Each structure stands twice: as structure tokens, then as C-alpha cells.
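S.K.: The structure is given below, and queries will be raised subsequently.
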Amino acid sequence: MPAALPQKNNQKSKLKMEIVFSIIIPTYNRHNELSNCLKALIKIEYPQNYFEVIIIDDGSKIPVNITKFKKWLNISLIRQKNSGPAKARNTGAEIAKGKFLVFTDDDCIADTNLLKNLEIRIKEKPNCLIGGKTINALPNNIYSTASQELINYLYSYYNNPEKPNFFTSNNFTLPKSYGSSVLSMLKY
């Protein structure tokens, strides 16, 4: 059951759907990866009308086209001059309609239970930044493997189960009300 249930609009006697999650995905020249990411989001087991997907095309040489995904997702596309993933995430956060911002990258494949699991964690810790596990989907790629090993090390070094202190920018969620203060730190 979504964290923000539909609310009755007294004037029109219709149910007003409130977007709970805004999934923000920066992308730059990675059309195939983005397509795979969006295909995974179509399979998410959560009411489609309670989340939106915001793609920020960070100046790709060939502009991103999301037309084929509009049939299955509440999706929007913003194009900006190439400014890096942090600026793209901030751009997405500025236009997000959801109560919670979910950040992922174009090469990430979301688990079908992503939003259900986030909802459970949000109910437990409503005022916290929530991060998740990342799994290397390209184990035969030495760069992906090295990156994953570094992330695994940093997670184990900086985090304990009760009070984590480190999250990768491709896999975290926070209340939109925290957006500007937290996202101002994401300038890399």
C-alpha cells in the first residue's frame, strides 16, 4: 500500500492520486543502458500512478528519446547542457512531484520490489536518507569489477547497520523536503 494514499477531492468527488516517489535518472550518451534501466522500471511492483520517472539528458550527442516508454511509465525528459551527473540530479529534484526522491543511474537495473522496500524503510525511518545495495551486473568488465570492489570496501569501512554514513549517489532515497540541503553537497 503506498505511503501516501489517494485523497478525496471534495469539490469534484474524484480520487486525487498523489505521486509518492520520483525516480531521477541522469544520463549521458548511454542509450542502451538507459533503455535497460527503464525496462526494469516497467516491471516494478508498485502502482504506476504513485511514481514518476524523470530522465535528465545531460547533453548527449544523440538526444534521448523516451517515447516508447510513455505507454508504461509516468515519464518525463529534461535536456540540459552537459554539466555532469550532480547537476542533472539537482535538475531532476527541482521538478520532481513525489514526496520522496529516488536516485539511480542509467546503468542500474532496479529490483521489482524497490519501491515496496523503500516504503517499508521510510515507515521505519521517515526522516532519514535511505541507501541500498548495488550489485555489479558486469562481472567480466574489469572497470565495473574494480568500481564494485571499491564501493564494497567503502560501505564496509564507513557503515554499520545502525548508523550508515556512506551512500553512493546512484542508489539513495530521501524526502523531497530535504532535497536542497542534501543535494547541495552533491557537487562533484
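Identifiers for the C-alpha cells are assigned positionally: chains receive A, B, ... in sequence, residues are indexed from 1 per chain, and ligands are indexed from 1 in the order shown.
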Write out as number ranges by chain each polymer residue whose atoms come within 12 Å of segment 149-162 of chain A, counting only C-alpha atoms; drop sequence neighbours fewer than 2 positions from it.
M.R.: A: 125, 130-136, 139, 142-147, 164-171
S.K.: Take the selection from the previous step and output its residues with C-alpha atoms, as a compact mmCIF listing (two decimals), in the first residue's frame.
M.R.:
```
# COMPACT_ATOMS: atom_id res chain seq x y z
CA LYS A 125 12.81 5.82 9.50
CA ILE A 130 17.96 5.63 2.72
CA GLY A 131 20.53 3.82 0.61
CA GLY A 132 20.55 0.40 -0.94
CA LYS A 133 22.85 -2.31 -2.09
CA THR A 134 24.44 -2.18 -5.52
CA ILE A 135 25.40 -5.32 -7.40
CA ASN A 136 27.82 -5.34 -10.32
CA PRO A 139 31.40 -9.02 -13.63
CA ILE A 142 37.44 -5.11 -15.12
CA TYR A 143 36.41 -1.47 -14.62
CA SER A 144 32.96 -2.40 -13.29
CA THR A 145 34.50 -5.04 -11.06
CA ALA A 146 37.10 -2.61 -9.70
CA SER A 147 34.41 0.01 -9.07
CA PRO A 164 25.36 4.25 8.00
CA ASN A 165 27.47 7.22 6.92
CA PHE A 166 28.20 6.46 3.27
CA PHE A 167 25.96 6.09 0.22
CA THR A 168 26.77 6.01 -3.46
CA SER A 169 24.93 8.66 -5.47
CA ASN A 170 23.39 6.04 -7.76
CA ASN A 171 21.27 4.42 -5.09
```
S.K.: Can you tell me how far atom CA of Cys37 of chain A sits from atom CA of Cys108 of chain A, in Å to one decimal?
M.R.: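 Answer for the atom CA of Cys37 of chain A to atom CA of Cys108 of chain A separation: 5.8 Å.
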S.K.: Smallest atom-to-atom distance to Lys39 of chain A: which of A:Leu77, A:Ile66, A:Leu115, A:Ile120, using only C-alpha atoms?
M.R.: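 Under the stated criterion, the closest residue is A:Ile66.
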S.K.: Give me the residues within 9 Å of segment 67-74 of chain A as a CSV table (one decimal) with N, CA and C atoms, in the first residue's frame, counting only C-alpha atoms and dropping any in the same chain fewer than 6 places off.
M.R.:
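Once everything was written out, this is out.csv:
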```csv
chain,number,residue,atom,x,y,z
A,35,SER,N,17.8,2.4,-21.7
A,35,SER,CA,16.7,1.5,-22.2
A,35,SER,C,16.5,0.3,-21.2
A,38,LEU,N,15.1,1.5,-17.9
A,38,LEU,CA,13.7,1.8,-18.0
A,38,LEU,C,12.8,0.5,-18.1
A,39,LYS,N,13.3,-0.5,-18.8
A,39,LYS,CA,12.6,-1.7,-18.9
A,39,LYS,C,12.5,-2.4,-17.6
A,41,LEU,N,12.3,-0.7,-14.7
A,41,LEU,CA,11.3,0.2,-14.0
A,41,LEU,C,9.9,-0.2,-14.4
A,42,ILE,N,9.7,-0.6,-15.6
A,42,ILE,CA,8.3,-1.0,-16.1
A,42,ILE,C,7.8,-2.2,-15.2
A,48,GLN,N,1.6,2.2,-10.7
A,48,GLN,CA,2.3,3.1,-11.6
A,48,GLN,C,1.9,4.5,-11.4
A,49,ASN,N,0.7,4.8,-10.9
A,49,ASN,CA,0.2,6.2,-10.7
A,49,ASN,C,0.8,6.8,-9.5
A,51,PHE,N,4.2,6.8,-8.8
A,51,PHE,CA,5.6,7.2,-9.0
A,51,PHE,C,5.8,7.7,-10.4
A,52,GLU,N,6.7,8.6,-10.5
A,52,GLU,CA,7.1,9.2,-11.8
A,52,GLU,C,8.6,8.9,-12.0
A,53,VAL,N,9.0,8.9,-13.3
A,53,VAL,CA,10.4,8.7,-13.7
A,53,VAL,C,10.8,10.0,-14.4
A,54,ILE,N,11.9,10.6,-14.0
A,54,ILE,CA,12.4,11.8,-14.6
A,54,ILE,C,13.8,11.5,-15.1
```
S.K.: Kindly give the distance, in Å, that separates atom CA of Ser76 of chain A and atom CA of Leu138 of chain A, rounded to a single decimal.
M.R.: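 Going from atom CA of Ser76 of chain A over to atom CA of Leu138 of chain A, I get 27.9 Å.
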S.K.: Using only C-alpha atoms, pick whichever of A:Cys128, A:Ser177, A:Asp111, A:Phe100 has the shortest atom-to-atom distance to Ile23 of chain A.
M.R.: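 Using only C-alpha atoms, Ile23 of chain A sits closest to A:Phe100.
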S.K.: Give me, as an NGL selection string, the residues of segment 32-108 of chain A that a backbone DSSP run labels strand (DSSP E or B).
M.R.: :A and (51-57 or 75-79 or 100-104)
S.K.: Would you output that residue set with N, CA and C atoms, as a tab-separated table (two decimals), in the first residue's frame?
M.R.:
```tsv
chain	number	residue	atom	x	y	z
A	51	PHE	N	4.18	6.75	-8.82
A	51	PHE	CA	5.57	7.16	-9.03
A	51	PHE	C	5.76	7.71	-10.43
A	52	GLU	N	6.75	8.57	-10.52
A	52	GLU	CA	7.13	9.15	-11.80
A	52	GLU	C	8.60	8.87	-12.05
A	53	VAL	N	8.98	8.90	-13.32
A	53	VAL	CA	10.38	8.71	-13.70
A	53	VAL	C	10.81	9.98	-14.43
A	54	ILE	N	11.90	10.56	-13.98
A	54	ILE	CA	12.43	11.78	-14.59
A	54	ILE	C	13.81	11.47	-15.15
A	55	ILE	N	13.94	11.60	-16.46
A	55	ILE	CA	15.22	11.39	-17.13
A	55	ILE	C	15.83	12.76	-17.41
A	56	ILE	N	17.08	12.93	-17.02
A	56	ILE	CA	17.81	14.15	-17.33
A	56	ILE	C	18.89	13.80	-18.34
A	57	ASP	N	18.68	14.24	-19.58
A	57	ASP	CA	19.67	14.04	-20.64
A	57	ASP	C	20.70	15.14	-20.50
A	75	ILE	N	6.54	9.19	-17.27
A	75	ILE	CA	7.94	9.54	-17.52
A	75	ILE	C	8.05	10.90	-18.17
A	76	SER	N	9.08	11.64	-17.78
A	76	SER	CA	9.35	12.93	-18.41
A	76	SER	C	10.84	13.03	-18.70
A	77	LEU	N	11.17	13.90	-19.64
A	77	LEU	CA	12.55	14.07	-20.09
A	77	LEU	C	12.91	15.54	-20.06
A	78	ILE	N	14.02	15.84	-19.46
A	78	ILE	CA	14.58	17.19	-19.44
A	78	ILE	C	15.95	17.10	-20.12
A	79	ARG	N	16.19	18.01	-21.07
A	79	ARG	CA	17.51	18.07	-21.70
A	79	ARG	C	18.23	19.29	-21.14
A	100	PHE	N	9.11	11.69	-2.14
A	100	PHE	CA	10.44	11.14	-1.92
A	100	PHE	C	11.19	11.09	-3.25
A	101	LEU	N	12.47	11.45	-3.20
A	101	LEU	CA	13.34	11.43	-4.37
A	101	LEU	C	14.15	10.14	-4.35
A	102	VAL	N	14.09	9.41	-5.45
A	102	VAL	CA	14.83	8.15	-5.59
A	102	VAL	C	15.85	8.36	-6.70
A	103	PHE	N	17.12	8.27	-6.35
A	103	PHE	CA	18.19	8.49	-7.33
A	103	PHE	C	18.79	7.16	-7.75
A	104	THR	N	18.92	6.99	-9.06
A	104	THR	CA	19.60	5.83	-9.60
A	104	THR	C	20.33	6.29	-10.86
```
S.K.: Please compute the atom CA of Asn127 of chain A-atom CA of Leu174 of chain A distance, one decimal, in Å.
M.R.: 7.8 Å
S.K.: Compare A:Lys43, A:Glu33, A:Glu18, A:Ile24 by their minimum atom-to-atom distance to Asn113 of chain A, counting only C-alpha atoms, and give me the closest one.
M.R.: A:Lys43
S.K.: May I have all residues of segment 15-188 of chain A that DSSP, computed from the backbone, assigns to helix (DSSP H, G or I), given as an MDAnalysis selection string?
M.R.: chainID A and resid 31:42 48:50 67:69 85:95 114:124 142:158 176:183
S.K.: Considering only C-alpha atoms, can you say which of A:Leu114, A:Asp58, A:Asn29, A:Lys123 comes closest to Thr91 of chain A?
M.R.: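 Checking each candidate against Thr91 of chain A, we get A:Asp58 as the closest.
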S.K.: Compile the contact shell of Pro85 of chain A as a PyMOL selection string: residues with an atom at most 7 Å away, counting only C-alpha atoms, same-chain residues fewer than 3 positions apart removed.
M.R.: chain A and resi 26+88-89
S.K.: Go ahead and write the residues just picked, C-alpha atoms, as a tab-separated table (two decimals), in the first residue's frame.
M.R.:
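Below is the file that was written, selection12.tsv:
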```
chain	number	residue	atom	x	y	z
A	26	PRO	CA	20.82	11.28	-15.14
A	88	ALA	CA	21.46	16.52	-13.59
A	89	ARG	CA	20.27	15.03	-10.28
```
S.K.: Between A:Gly92, A:Pro175, A:Gly84, A:Gly98, which residue has the minimum interatomic distance to Leu129 of chain A, considering only C-alpha atoms?
M.R.: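 So, comparing all the options, the nearest one is A:Pro175.
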S.K.: My list of candidates is A:Asn140, A:Tyr46, A:Asn82, A:Ala93. Which is closest to Thr112 of chain A when distances are computed with only C-alpha atoms?
M.R.: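 Counting only C-alpha atoms, the residue closest to Thr112 of chain A is A:Tyr46.
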